[in-house]
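Participant: Provided below: query_22.txt, containing compact mmCIF, C-alpha atoms (C1' of nucleotides).
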```
# COMPACT_ATOMS: atom_id res chain seq x y z
CA MET A 723 0.00 0.00 0.00
CA VAL A 724 1.44 3.32 -1.08
CA GLU A 725 1.82 5.71 1.79
CA ASN A 726 2.58 9.37 1.35
CA ASP A 727 2.30 11.22 4.59
CA ASP A 728 3.97 14.23 3.02
CA PHE A 729 0.90 15.12 1.04
CA ASP A 730 -1.21 17.78 2.66
CA LEU A 731 -4.49 18.86 1.18
CA GLN A 732 -3.95 22.31 2.65
CA ASN A 733 -0.86 22.68 0.47
CA PHE A 734 -2.31 21.30 -2.74
CA LEU A 735 -1.98 24.14 -5.23
CA PRO A 736 -5.28 23.64 -7.11
CA TYR A 737 -7.05 23.60 -3.75
CA LEU A 738 -5.29 26.74 -2.53
CA LEU A 739 -5.90 28.46 -5.84
CA ASN A 740 -9.60 27.65 -5.76
CA ARG A 741 -9.95 28.87 -2.20
CA ALA A 742 -8.09 32.10 -2.93
CA ALA A 743 -10.04 32.66 -6.14
CA GLU A 744 -13.40 32.12 -4.46
CA GLU A 745 -12.64 34.24 -1.44
CA SER A 746 -11.06 37.08 -3.38
CA SER A 747 -13.95 37.18 -5.83
CA LEU A 748 -16.66 37.50 -3.20
CA ALA A 749 -16.50 41.21 -2.44
CA PHE A 750 -16.45 42.26 -6.08
CA GLN A 751 -19.19 39.77 -6.90
CA GLN A 752 -21.47 41.45 -4.39
CA VAL A 753 -21.18 44.69 -6.34
CA TYR A 754 -21.84 43.56 -9.88
CA LYS A 755 -24.52 41.21 -8.67
CA ASN A 756 -26.43 43.54 -6.36
CA LYS A 757 -25.91 46.77 -8.22
CA TYR A 758 -26.32 45.55 -11.79
CA GLY A 759 -27.81 42.07 -11.49
CA MET A 760 -24.92 40.58 -13.41
CA LEU A 761 -23.35 37.16 -13.32
CA ARG A 762 -19.65 36.43 -13.56
CA ASN A 763 -19.64 35.86 -17.30
CA GLU A 764 -21.64 39.02 -17.85
CA TRP A 765 -19.16 41.34 -16.20
CA ARG A 766 -16.36 39.57 -18.00
CA VAL A 767 -17.99 40.25 -21.36
CA LEU A 768 -18.77 43.81 -20.30
CA PHE A 769 -15.14 44.36 -19.31
CA HIS A 770 -13.83 42.97 -22.56
CA LEU A 771 -16.06 45.28 -24.57
CA GLY A 772 -15.15 48.20 -22.34
CA ALA A 773 -11.46 47.54 -22.53
CA PHE A 774 -11.04 46.46 -26.13
CA GLY A 775 -13.95 48.20 -27.88
CA GLU A 776 -16.27 46.41 -30.25
CA MET A 777 -15.71 42.69 -30.52
CA THR A 778 -17.43 39.60 -31.85
CA ALA A 779 -18.46 36.81 -29.53
CA SER A 780 -15.77 34.53 -30.87
CA SER A 781 -13.02 37.05 -30.30
CA ILE A 782 -14.14 37.26 -26.67
CA VAL A 783 -14.08 33.46 -26.53
CA ALA A 784 -10.51 33.47 -27.83
CA ARG A 785 -9.34 36.15 -25.46
CA ALA A 786 -11.15 35.19 -22.27
CA ARG A 787 -11.19 31.44 -22.75
CA ILE A 788 -14.82 31.19 -21.75
CA HIS A 789 -16.90 28.63 -23.60
CA LYS A 790 -18.99 30.03 -26.43
CA THR A 791 -22.27 28.94 -24.90
CA LYS A 792 -21.48 30.99 -21.81
CA ILE A 793 -20.60 34.00 -23.94
CA SER A 794 -23.78 33.52 -25.94
CA ARG A 795 -25.90 33.50 -22.82
CA ALA A 796 -24.03 36.38 -21.19
CA VAL A 797 -24.49 38.50 -24.32
CA GLN A 798 -28.23 37.74 -24.37
CA LYS A 799 -28.54 38.94 -20.79
CA LEU A 800 -26.52 42.07 -21.46
CA VAL A 801 -28.66 42.88 -24.49
CA GLU A 802 -31.81 42.41 -22.39
CA LYS A 803 -30.34 44.81 -19.84
CA ARG A 804 -29.63 47.34 -22.64
CA PHE A 805 -25.91 47.29 -21.88
CA VAL A 806 -24.89 45.85 -25.25
CA THR A 807 -26.08 46.01 -28.84
CA ARG A 808 -25.35 43.51 -31.57
CA GLU A 809 -25.18 44.10 -35.27
CA ARG A 810 -24.60 41.54 -37.96
CA SER A 811 -21.31 42.07 -39.74
CA GLU A 812 -21.41 42.99 -43.42
CA ASP A 813 -18.11 41.28 -44.09
CA ASP A 814 -19.12 37.95 -42.63
CA ARG A 815 -22.79 37.61 -41.93
CA ARG A 816 -22.21 34.81 -39.41
CA GLN A 817 -20.58 37.28 -37.08
CA GLU A 818 -22.24 39.72 -34.77
CA ILE A 819 -20.45 42.88 -33.73
CA LEU A 820 -20.99 43.63 -30.06
CA ARG A 821 -20.83 47.13 -28.65
CA LEU A 822 -21.53 48.78 -25.32
CA THR A 823 -24.47 51.17 -25.18
CA PRO A 824 -23.99 54.42 -23.24
CA LEU A 825 -25.71 52.63 -20.36
CA GLY A 826 -23.28 49.73 -20.65
CA LEU A 827 -20.33 52.08 -20.85
CA ALA A 828 -21.45 53.83 -17.68
CA ALA A 829 -21.79 50.49 -15.91
CA TYR A 830 -18.38 49.46 -17.17
CA ARG A 831 -16.74 52.63 -15.94
CA ASP A 832 -18.40 52.32 -12.58
CA LEU A 833 -17.44 48.67 -12.14
CA ARG A 834 -13.94 49.31 -13.43
CA GLU A 835 -13.46 51.83 -10.64
CA VAL A 836 -14.80 49.37 -8.09
CA ALA A 837 -12.52 46.65 -9.44
CA ALA A 838 -9.47 48.89 -9.42
CA ALA A 839 -10.13 49.98 -5.85
CA TYR A 840 -10.71 46.41 -4.76
CA ASP A 841 -7.56 45.25 -6.49
CA ARG A 842 -5.63 47.88 -4.55
CA THR A 843 -6.95 46.50 -1.26
CA LEU A 844 -5.81 43.04 -2.26
CA GLU A 845 -2.41 44.31 -3.32
CA ALA A 846 -2.05 46.12 -0.01
CA LYS A 847 -1.63 42.79 1.73
CA PHE A 848 1.77 42.37 0.08
CA THR A 849 4.82 44.23 -1.16
CA LYS A 850 5.00 45.51 -4.73
CA GLU A 851 7.57 42.87 -5.57
CA GLU A 852 5.41 40.10 -4.16
CA VAL A 853 2.40 41.25 -6.14
CA ALA A 854 4.40 41.35 -9.35
CA LEU A 855 5.71 37.86 -8.70
CA LEU A 856 2.22 36.60 -7.86
CA ARG A 857 0.78 37.95 -11.09
CA GLY A 858 3.55 36.35 -13.10
CA MET A 859 3.06 33.00 -11.43
CA LEU A 860 -0.71 33.10 -11.85
CA ARG A 861 -0.26 33.83 -15.53
CA ARG A 862 1.99 30.84 -15.95
CA LEU A 863 -0.43 28.64 -14.06
CA ALA A 864 -3.28 29.86 -16.24
CA GLU A 865 -1.50 28.87 -19.44
CA ARG A 866 -2.84 25.96 -21.44
CA GLY A 867 -1.26 22.59 -20.84
CA MET Z 339 -13.35 52.96 -27.69
CA VAL Z 340 -10.16 51.62 -26.17
CA GLU Z 341 -9.76 53.89 -23.20
CA ASN Z 342 -6.68 55.28 -21.62
CA ASP Z 343 -6.82 54.09 -18.06
CA ASP Z 344 -4.65 52.29 -15.61
CA PHE Z 345 -6.99 49.40 -15.00
CA ASP Z 346 -6.23 46.24 -16.91
CA LEU Z 347 -8.55 43.28 -16.75
CA GLN Z 348 -5.61 40.98 -17.44
CA ASN Z 349 -4.03 42.15 -14.19
CA PHE Z 350 -7.11 42.04 -12.00
CA LEU Z 351 -6.21 39.60 -9.26
CA PRO Z 352 -9.60 37.89 -8.86
CA TYR Z 353 -9.63 37.32 -12.63
CA LEU Z 354 -6.09 35.94 -12.67
CA LEU Z 355 -6.81 33.78 -9.66
CA ASN Z 356 -9.92 32.33 -11.26
CA ARG Z 357 -8.12 31.60 -14.48
CA ALA Z 358 -5.22 29.94 -12.70
CA ALA Z 359 -7.56 27.96 -10.46
CA GLU Z 360 -9.65 26.71 -13.37
CA GLU Z 361 -6.72 25.80 -15.53
CA SER Z 362 -4.73 24.11 -12.78
CA SER Z 363 -7.74 22.08 -11.65
CA LEU Z 364 -8.47 20.62 -15.07
CA ALA Z 365 -5.90 17.84 -15.23
CA PHE Z 366 -6.64 16.54 -11.75
CA GLN Z 367 -10.38 16.82 -12.35
CA GLN Z 368 -10.06 14.48 -15.31
CA VAL Z 369 -8.69 11.79 -13.01
CA TYR Z 370 -11.20 11.83 -10.19
CA LYS Z 371 -14.02 12.32 -12.64
CA ASN Z 372 -13.13 9.66 -15.18
CA LYS Z 373 -11.59 7.12 -12.84
CA TYR Z 374 -13.99 7.39 -9.91
CA GLY Z 375 -16.97 9.32 -11.24
CA MET Z 376 -16.53 11.95 -8.55
CA LEU Z 377 -17.38 15.63 -8.49
CA ARG Z 378 -15.23 18.33 -6.95
CA ASN Z 379 -16.99 18.32 -3.61
CA GLU Z 380 -16.80 14.56 -3.45
CA TRP Z 381 -13.04 14.36 -3.69
CA ARG Z 382 -12.77 17.20 -1.22
CA VAL Z 383 -14.83 15.26 1.32
CA LEU Z 384 -12.91 12.09 0.53
CA PHE Z 385 -9.63 13.89 1.11
CA HIS Z 386 -10.76 15.36 4.38
CA LEU Z 387 -11.79 11.96 5.67
CA GLY Z 388 -8.58 10.42 4.38
CA ALA Z 389 -6.38 13.08 5.90
CA PHE Z 390 -8.14 13.69 9.21
CA GLY Z 391 -9.90 10.38 9.88
CA GLU Z 392 -13.51 10.24 10.96
CA MET Z 393 -15.36 13.53 10.90
CA THR Z 394 -18.90 14.85 11.02
CA ALA Z 395 -20.37 16.78 8.11
CA SER Z 396 -20.28 20.01 10.06
CA SER Z 397 -16.62 19.64 10.94
CA ILE Z 398 -15.89 19.28 7.23
CA VAL Z 399 -17.98 22.37 6.60
CA ALA Z 400 -15.93 24.30 9.16
CA ARG Z 401 -12.61 23.13 7.80
CA ALA Z 402 -13.23 23.23 4.07
CA ARG Z 403 -15.62 26.17 3.97
CA ILE Z 404 -17.99 24.38 1.66
CA HIS Z 405 -21.70 24.96 2.15
CA LYS Z 406 -23.45 22.26 4.14
CA THR Z 407 -25.86 21.36 1.34
CA LYS Z 408 -22.89 20.59 -0.89
CA ILE Z 409 -21.32 18.44 1.81
CA SER Z 410 -24.64 16.69 2.36
CA ARG Z 411 -24.96 15.75 -1.29
CA ALA Z 412 -21.30 14.84 -1.66
CA VAL Z 413 -21.62 12.48 1.31
CA GLN Z 414 -24.75 10.89 -0.16
CA LYS Z 415 -22.90 10.18 -3.40
CA LEU Z 416 -19.89 8.79 -1.58
CA VAL Z 417 -22.13 6.52 0.48
CA GLU Z 418 -23.83 5.31 -2.72
CA LYS Z 419 -20.40 4.58 -4.16
CA ARG Z 420 -19.50 2.60 -0.99
CA PHE Z 421 -16.59 4.92 -0.24
CA VAL Z 422 -18.02 6.26 3.00
CA THR Z 423 -20.18 5.00 5.87
CA ARG Z 424 -22.18 7.10 8.28
CA GLU Z 425 -23.15 6.29 11.81
CA ARG Z 426 -25.28 8.37 14.11
CA SER Z 427 -23.32 9.70 17.05
CA GLU Z 428 -24.25 8.48 20.54
CA ASP Z 429 -23.14 11.74 22.13
CA ASP Z 430 -25.26 13.98 19.95
CA ARG Z 431 -27.82 12.19 17.89
CA ARG Z 432 -28.05 15.04 15.40
CA GLN Z 433 -24.55 14.28 14.24
CA GLU Z 434 -23.40 11.60 11.86
CA ILE Z 435 -19.89 10.21 12.04
CA LEU Z 436 -18.40 9.75 8.58
CA ARG Z 437 -15.69 7.20 7.86
CA LEU Z 438 -13.93 5.87 4.78
CA THR Z 439 -14.58 2.26 3.87
CA PRO Z 440 -11.62 0.15 2.69
CA LEU Z 441 -12.76 0.95 -0.84
CA GLY Z 442 -12.84 4.65 -0.03
CA LEU Z 443 -9.43 4.47 1.59
CA ALA Z 444 -8.00 2.81 -1.51
CA ALA Z 445 -9.50 5.52 -3.72
CA TYR Z 446 -8.14 8.18 -1.38
CA ARG Z 447 -4.64 6.74 -1.48
CA ASP Z 448 -4.72 6.45 -5.23
CA LEU Z 449 -5.97 9.99 -5.74
CA ARG Z 450 -3.57 11.34 -3.14
CA GLU Z 451 -0.69 9.92 -5.18
CA VAL Z 452 -2.09 11.46 -8.34
CA ALA Z 453 -2.56 14.79 -6.58
CA ALA Z 454 0.95 14.77 -5.15
CA ALA Z 455 2.47 13.97 -8.52
CA TYR Z 456 0.41 16.65 -10.20
CA ASP Z 457 1.37 19.17 -7.57
CA ARG Z 458 5.01 18.41 -8.28
CA THR Z 459 4.53 19.18 -11.96
CA LEU Z 460 2.96 22.52 -11.05
CA GLU Z 461 5.76 23.31 -8.61
CA ALA Z 462 8.34 22.45 -11.26
CA LYS Z 463 7.40 25.63 -13.11
CA PHE Z 464 8.99 27.70 -10.34
CA THR Z 465 11.78 27.78 -7.82
CA LYS Z 466 11.27 26.38 -4.31
CA GLU Z 467 11.28 29.90 -2.89
CA GLU Z 468 8.69 31.09 -5.35
CA VAL Z 469 6.41 28.17 -4.55
CA ALA Z 470 6.68 28.82 -0.83
CA LEU Z 471 5.87 32.48 -1.37
CA LEU Z 472 2.97 31.60 -3.64
CA ARG Z 473 1.44 29.27 -1.07
CA GLY Z 474 1.76 31.89 1.62
CA MET Z 475 0.12 34.53 -0.52
CA LEU Z 476 -2.71 32.24 -1.59
CA ARG Z 477 -3.38 31.43 2.05
CA ARG Z 478 -3.62 35.10 2.92
CA LEU Z 479 -5.92 35.72 -0.02
CA ALA Z 480 -8.10 32.81 1.04
CA GLU Z 481 -8.61 34.21 4.52
CA ARG Z 482 -12.01 35.56 5.43
CA GLY Z 483 -12.57 39.26 4.95
C1' DT M 435 -22.07 23.49 -59.84
C1' DC M 436 -21.72 20.04 -56.06
C1' DT M 437 -19.84 18.20 -52.42
C1' DT M 438 -17.25 18.46 -48.04
C1' DG M 439 -15.47 20.92 -44.31
C1' DT M 440 -15.08 24.93 -41.21
C1' DT M 441 -16.70 28.69 -38.41
C1' DA M 442 -20.23 31.75 -35.75
C1' DG M 443 -23.49 31.41 -32.76
C1' DT M 444 -27.94 29.31 -30.65
C1' DT M 445 -30.76 25.88 -28.56
C1' DA M 446 -32.20 21.78 -25.91
C1' DC M 447 -31.81 18.71 -22.28
C1' DA M 448 -29.49 16.81 -18.52
C1' DA M 449 -26.36 17.64 -14.63
C1' DA M 450 -25.04 20.53 -10.99
C1' DA M 451 -25.08 24.65 -7.95
C1' DC M 452 -27.64 27.83 -4.95
C1' DA M 453 -30.81 29.38 -1.56
C1' DG M 454 -34.18 28.85 1.62
C1' DA M 455 -37.53 26.10 4.03
C1' DC M 456 -37.88 22.14 6.74
C1' DT M 457 -37.29 18.11 10.50
C1' DA M 458 -35.15 16.47 14.40
C1' DT M 459 -32.31 17.09 18.23
C1' DT M 460 -29.87 19.63 21.76
C1' DA M 461 -28.86 23.89 24.54
C1' DT M 462 -30.12 27.99 27.23
C1' DC M 463 -32.43 30.34 30.62
C1' DA M 464 -36.36 32.64 32.85
C1' DT Q 888 -40.46 23.04 33.70
C1' DG Q 889 -41.52 25.32 29.39
C1' DA Q 890 -40.40 28.62 25.88
C1' DT Q 891 -37.02 29.90 22.73
C1' DA Q 892 -32.96 29.58 20.24
C1' DA Q 893 -29.30 27.08 18.09
C1' DT Q 894 -27.35 23.17 15.55
C1' DA Q 895 -27.02 19.02 12.28
C1' DG Q 896 -28.43 17.68 8.30
C1' DT Q 897 -31.93 17.03 4.41
C1' DC Q 898 -35.21 18.40 0.88
C1' DT Q 899 -37.28 21.24 -2.71
C1' DG Q 900 -37.67 24.60 -6.27
C1' DT Q 901 -35.12 27.71 -9.08
C1' DT Q 902 -30.74 29.09 -11.62
C1' DT Q 903 -26.78 28.08 -13.94
C1' DT Q 904 -23.71 25.17 -16.30
C1' DG Q 905 -22.09 21.44 -19.49
C1' DT Q 906 -22.46 18.78 -23.58
C1' DA Q 907 -23.88 17.94 -27.80
C1' DA Q 908 -26.68 18.73 -31.52
C1' DC Q 909 -28.30 22.20 -34.50
C1' DT Q 910 -28.83 26.30 -38.13
C1' DA Q 911 -26.72 29.45 -41.02
C1' DA Q 912 -22.98 31.39 -43.53
C1' DC Q 913 -18.64 30.94 -45.68
C1' DA Q 914 -14.67 28.39 -48.19
C1' DA Q 915 -12.21 25.44 -51.12
C1' DG Q 916 -11.62 21.76 -54.34
C1' DA Q 917 -13.14 18.65 -58.11
```
Rewrite the structure from the file as structure tokens, please.
Facilitator:
Amino acid sequence: MVENDDFDLQNFLPYLLNRAAEESSLAFQQVYKNKYGMLRNEWRVLFHLGAFGEMTASSIVARARIHKTKISRAVQKLVEKRFVTRERSEDDRRQEILRLTPLGLAAYRDLREVAAAYDRTLEAKFTKEEVALLRGMLRRLAERG
Amino acid sequence: MVENDDFDLQNFLPYLLNRAAEESSLAFQQVYKNKYGMLRNEWRVLFHLGAFGEMTASSIVARARIHKTKISRAVQKLVEKRFVTRERSEDDRRQEILRLTPLGLAAYRDLREVAAAYDRTLEAKFTKEEVALLRGMLRRLAERG
DNA sequence: TCTTGTTAGTTACAAAACAGACTATTATCA
DNA sequence: TGATAATAGTCTGTTTTGTAACTAACAAGA
């Protein structure tokens, strides 16, 4: 029987990452959920459109690595909320060009401020160097494969 | 509409943490899902029982910070799979004492090996010092509040 | 033209998560 | 003691997600 008393669940990186991700998402989640009735995928789409300008659903899929069915549903909700418009592309009529409405832009700007402020409170737990290292490591862990 | 601002979604810690958590959970998830038909909360319960011995549902709730309805359902599934037994406590008849069966223990040991090996491949991306720092930071981020 | 294949996005149905009500048992305290 | 609150755990109805099939538009070769 294989014994491995060195293994500790509390040190298992996927476990720690999940716990940290869940806990650190809570406070921000309260805001976009209570103030704008959004779900996680909705603010992600909103932020992509706010940050990168008009995009198609598939370009958001490629950039955010969220499954296309989630994007599809998030876009539907955002259109219902009048935060986003969609227009069929002339170049390729399969594509829909997504854009923020003025209402969506206002929500984006508001939430972006909230996110930036919240990020600063998270960063304040560590030194600048630690935060930079953490971001780099998280990026490597988030890579495919 | 690309705006000039200092906030970058790609640097937002909750976003990075979620991405890293999702990506780093995938490979291990394949194993406990395909090999044992388990869900995330099921392996978490299994690992708690394997690591700490017999526990009640509420002590797992306290330790793992998973909602009690999730624990309840995970335990039901594990009992159906013959990995776990439950016995009503004599001291407090509201409580149920959960224990791994020999089958459950074997699954735990197998998955623990897989987890340990997988953790080593994640760690191999960084230096020992970086990994230690990462764990410390993730723990602080996972703290309440 | 006629396949055959690819891509954009939606839909349908099952699986799973979430939230709150609920039962049963124990604890507290006037 | 009796009233009230707290705790352990389950159940139920509603959302949300996951998976795969689907429509529609484009593309490329024979």
Participant: Go through chain Z and flag each residue having an atom no more than 9 Å from chain M; for those, report the closest pair of atoms plus their distance in Å to one decimal, using only C-alpha atoms (C1' of nucleotides), ordered by chain and rising number, as CSV.
Facilitator:
```
residue,atom,partner,partner_atom,distance
Z:Lys408,CA,M:DA451,C1',8.4
Z:Asp430,CA,M:DT460,C1',7.5
Z:Arg431,CA,M:DT459,C1',6.7
Z:Arg432,CA,M:DT459,C1',5.5
```
Participant: Select all residues from chain Q having any atom no more than 9 Å from an atom of chain Z (counting only C-alpha atoms (C1' of nucleotides), ignoring ligands), output as a PDB file with C-alpha atoms (C1' of nucleotides), in the coordinates of the input.
Facilitator:
```pdb
ATOM      1  C1'  DT Q 894     -27.350  23.170  15.550  1.00  0.00           C
ATOM      2  C1'  DA Q 895     -27.020  19.020  12.280  1.00  0.00           C
ATOM      3  C1'  DG Q 896     -28.430  17.680   8.300  1.00  0.00           C
ATOM      4  C1'  DT Q 897     -31.930  17.030   4.410  1.00  0.00           C
TER       5       DT Q 897
END
```
Participant: Could you fit chain Z onto chain A by least squares over every C-alpha atom, paired in order, and give me the moved chain as a compact mmCIF listing (two decimals) with C-alpha atoms, in the coordinates of the input?
Facilitator:
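See part_0.txt below for the written result:
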```txt
# COMPACT_ATOMS: atom_id res chain seq x y z
CA MET Z 339 -5.34 5.75 8.73
CA VAL Z 340 -3.32 8.93 8.54
CA GLU Z 341 -0.56 7.90 6.20
CA ASN Z 342 3.05 8.85 6.15
CA ASP Z 343 3.57 10.38 2.75
CA ASP Z 344 4.95 13.51 1.27
CA PHE Z 345 1.80 14.58 -0.50
CA ASP Z 346 -0.27 17.19 1.28
CA LEU Z 347 -3.62 18.24 -0.07
CA GLN Z 348 -3.18 21.64 1.57
CA ASN Z 349 -0.14 22.21 -0.64
CA PHE Z 350 -1.56 20.93 -3.90
CA LEU Z 351 -1.35 23.90 -6.23
CA PRO Z 352 -4.62 23.39 -8.13
CA TYR Z 353 -6.40 23.13 -4.76
CA LEU Z 354 -4.74 26.26 -3.39
CA LEU Z 355 -5.41 28.12 -6.61
CA ASN Z 356 -9.08 27.19 -6.55
CA ARG Z 357 -9.45 28.21 -2.95
CA ALA Z 358 -7.72 31.53 -3.52
CA ALA Z 359 -9.72 32.18 -6.69
CA GLU Z 360 -13.04 31.44 -5.01
CA GLU Z 361 -12.32 33.45 -1.92
CA SER Z 362 -10.89 36.45 -3.75
CA SER Z 363 -13.81 36.54 -6.18
CA LEU Z 364 -16.49 36.65 -3.50
CA ALA Z 365 -16.39 40.32 -2.54
CA PHE Z 366 -16.38 41.57 -6.11
CA GLN Z 367 -19.09 39.09 -7.08
CA GLN Z 368 -21.37 40.59 -4.46
CA VAL Z 369 -21.15 43.94 -6.22
CA TYR Z 370 -21.84 42.99 -9.80
CA LYS Z 371 -24.47 40.52 -8.69
CA ASN Z 372 -26.38 42.69 -6.25
CA LYS Z 373 -25.93 46.03 -7.96
CA TYR Z 374 -26.37 44.97 -11.58
CA GLY Z 375 -27.82 41.48 -11.43
CA MET Z 376 -24.93 40.13 -13.47
CA LEU Z 377 -23.30 36.72 -13.56
CA ARG Z 378 -19.59 36.09 -13.84
CA ASN Z 379 -19.58 35.70 -17.60
CA GLU Z 380 -21.64 38.84 -17.99
CA TRP Z 381 -19.19 41.11 -16.24
CA ARG Z 382 -16.37 39.46 -18.13
CA VAL Z 383 -18.03 40.29 -21.45
CA LEU Z 384 -18.87 43.78 -20.22
CA PHE Z 385 -15.25 44.34 -19.25
CA HIS Z 386 -13.94 43.12 -22.55
CA LEU Z 387 -16.22 45.47 -24.44
CA GLY Z 388 -15.35 48.31 -22.08
CA ALA Z 389 -11.63 47.74 -22.33
CA PHE Z 390 -11.27 46.85 -26.01
CA GLY Z 391 -14.24 48.60 -27.62
CA GLU Z 392 -16.48 46.83 -30.09
CA MET Z 393 -15.84 43.13 -30.52
CA THR Z 394 -17.51 40.07 -31.96
CA ALA Z 395 -18.49 37.15 -29.76
CA SER Z 396 -15.76 34.99 -31.22
CA SER Z 397 -13.06 37.55 -30.55
CA ILE Z 398 -14.16 37.57 -26.91
CA VAL Z 399 -14.02 33.79 -26.93
CA ALA Z 400 -10.46 33.90 -28.25
CA ARG Z 401 -9.32 36.49 -25.75
CA ALA Z 402 -11.10 35.37 -22.61
CA ARG Z 403 -11.07 31.63 -23.25
CA ILE Z 404 -14.69 31.27 -22.27
CA HIS Z 405 -16.78 28.76 -24.19
CA LYS Z 406 -18.89 30.28 -26.95
CA THR Z 407 -22.18 29.09 -25.47
CA LYS Z 408 -21.38 31.00 -22.29
CA ILE Z 409 -20.54 34.12 -24.28
CA SER Z 410 -23.73 33.70 -26.29
CA ARG Z 411 -25.89 33.59 -23.19
CA ALA Z 412 -23.98 36.35 -21.43
CA VAL Z 413 -24.50 38.60 -24.46
CA GLN Z 414 -28.22 37.79 -24.55
CA LYS Z 415 -28.56 38.83 -20.91
CA LEU Z 416 -26.57 42.00 -21.45
CA VAL Z 417 -28.74 42.90 -24.43
CA GLU Z 418 -31.87 42.30 -22.32
CA LYS Z 419 -30.42 44.59 -19.67
CA ARG Z 420 -29.78 47.27 -22.35
CA PHE Z 421 -26.05 47.23 -21.64
CA VAL Z 422 -25.04 45.94 -25.05
CA THR Z 423 -26.24 46.23 -28.65
CA ARG Z 424 -25.50 43.85 -31.48
CA GLU Z 425 -25.34 44.59 -35.15
CA ARG Z 426 -24.74 42.13 -37.94
CA SER Z 427 -21.45 42.74 -39.69
CA GLU Z 428 -21.53 43.82 -43.35
CA ASP Z 429 -18.20 42.16 -44.06
CA ASP Z 430 -19.18 38.75 -42.75
CA ARG Z 431 -22.83 38.33 -42.09
CA ARG Z 432 -22.23 35.46 -39.67
CA GLN Z 433 -20.64 37.87 -37.25
CA GLU Z 434 -22.32 40.22 -34.85
CA ILE Z 435 -20.60 43.38 -33.69
CA LEU Z 436 -21.13 43.97 -29.98
CA ARG Z 437 -21.00 47.43 -28.43
CA LEU Z 438 -21.71 48.93 -25.03
CA THR Z 439 -24.67 51.27 -24.78
CA PRO Z 440 -24.28 54.43 -22.67
CA LEU Z 441 -25.94 52.49 -19.87
CA GLY Z 442 -23.48 49.64 -20.32
CA LEU Z 443 -20.56 52.05 -20.41
CA ALA Z 444 -21.71 53.62 -17.15
CA ALA Z 445 -21.98 50.19 -15.52
CA TYR Z 446 -18.55 49.28 -16.86
CA ARG Z 447 -16.97 52.43 -15.46
CA ASP Z 448 -18.61 51.92 -12.11
CA LEU Z 449 -17.57 48.28 -11.86
CA ARG Z 450 -14.08 49.07 -13.12
CA GLU Z 451 -13.66 51.48 -10.21
CA VAL Z 452 -14.92 48.87 -7.78
CA ALA Z 453 -12.60 46.27 -9.29
CA ALA Z 454 -9.59 48.57 -9.15
CA ALA Z 455 -10.26 49.45 -5.53
CA TYR Z 456 -10.74 45.82 -4.62
CA ASP Z 457 -7.57 44.85 -6.40
CA ARG Z 458 -5.71 47.42 -4.33
CA THR Z 459 -6.98 45.85 -1.12
CA LEU Z 460 -5.75 42.46 -2.30
CA GLU Z 461 -2.38 43.89 -3.30
CA ALA Z 462 -2.06 45.57 0.09
CA LYS Z 463 -1.52 42.15 1.65
CA PHE Z 464 1.88 41.93 -0.03
CA THR Z 465 4.85 43.93 -1.17
CA LYS Z 466 4.98 45.40 -4.69
CA GLU Z 467 7.62 42.87 -5.67
CA GLU Z 468 5.58 39.98 -4.40
CA VAL Z 469 2.52 41.14 -6.31
CA ALA Z 470 4.49 41.46 -9.52
CA LEU Z 471 5.91 37.98 -9.05
CA LEU Z 472 2.47 36.59 -8.25
CA ARG Z 473 0.96 38.05 -11.41
CA GLY Z 474 3.77 36.64 -13.50
CA MET Z 475 3.38 33.20 -12.00
CA LEU Z 476 -0.39 33.20 -12.39
CA ARG Z 477 0.02 34.13 -16.04
CA ARG Z 478 2.37 31.23 -16.61
CA LEU Z 479 0.01 28.87 -14.83
CA ALA Z 480 -2.88 30.13 -16.94
CA GLU Z 481 -1.09 29.36 -20.18
CA ARG Z 482 -2.35 26.50 -22.29
CA GLY Z 483 -0.71 23.14 -21.77
```
Participant: Which residue is closest to chain A? Choose from Z:His405, Z:Arg477, Z:Lys373, Z:Lys415 and count only C-alpha atoms.
Facilitator: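 Among Z:His405, Z:Arg477, Z:Lys373, Z:Lys415, it is Z:Arg477 that comes nearest to chain A.
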Participant: As a ChimeraX atom specification, could you give me every residue of chain A near chain Z (at most 9 Å apart, counting all atoms listed in the file)?
Facilitator: /A:723-731,733-747,749-750,766,769-776,787,834-835,837-838,841,844-845,847-848,852,855-857,859-867
Participant: So what do you get for atom CA of Z:Arg420 versus atom CA of Z:Val369, distance-wise?
Facilitator: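 We find that atom CA of Z:Arg420 and atom CA of Z:Val369 lie 18.6 Å from each other.
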Participant: Compute the distance from (-15.0, 3.1, 6.7) to each atom, counting only C-alpha atoms (C1' of nucleotides), keep the residues with any atom at most 9 Å away, and return them as an MDAnalysis selection string; use the coordinates of the file.
Facilitator: chainID Z and resid 392 420:424 436:443
Participant: Once you add 4 Å to each side, what are the centre and edge lengths of the axis-aligned box holding all listed atoms of stretch 839-844 of chain A? One decimal in Å, as JSON, if you can.
Facilitator:
```
{"center_x": -8.2, "center_y": 46.5, "center_z": -3.9, "size_x": 13.1, "size_y": 14.9, "size_z": 13.2}
```
Participant: What is the distance between atom CA of Z:Asn379 and atom CA of Z:Ala412, in Å to one decimal?
Facilitator: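 The value is 5.9 Å.
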Participant: Separation of atom CA of A:Leu833 and atom CA of A:Tyr754, in Å?
Facilitator: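 Separation of atom CA of A:Leu833 and atom CA of A:Tyr754: 7.1 Å.
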Participant: Save stretch 803-811 of chain A of the structure in the block above to a file, with C-alpha atoms included, as a compact mmCIF listing (two decimals), in the first residue's frame.
Facilitator:
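And here is the file that came out, result.txt:
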```txt
# COMPACT_ATOMS: atom_id res chain seq x y z
CA LYS A 803 -30.34 44.81 -19.84
CA ARG A 804 -29.63 47.34 -22.64
CA PHE A 805 -25.91 47.29 -21.88
CA VAL A 806 -24.89 45.85 -25.25
CA THR A 807 -26.08 46.01 -28.84
CA ARG A 808 -25.35 43.51 -31.57
CA GLU A 809 -25.18 44.10 -35.27
CA ARG A 810 -24.60 41.54 -37.96
CA SER A 811 -21.31 42.07 -39.74
```
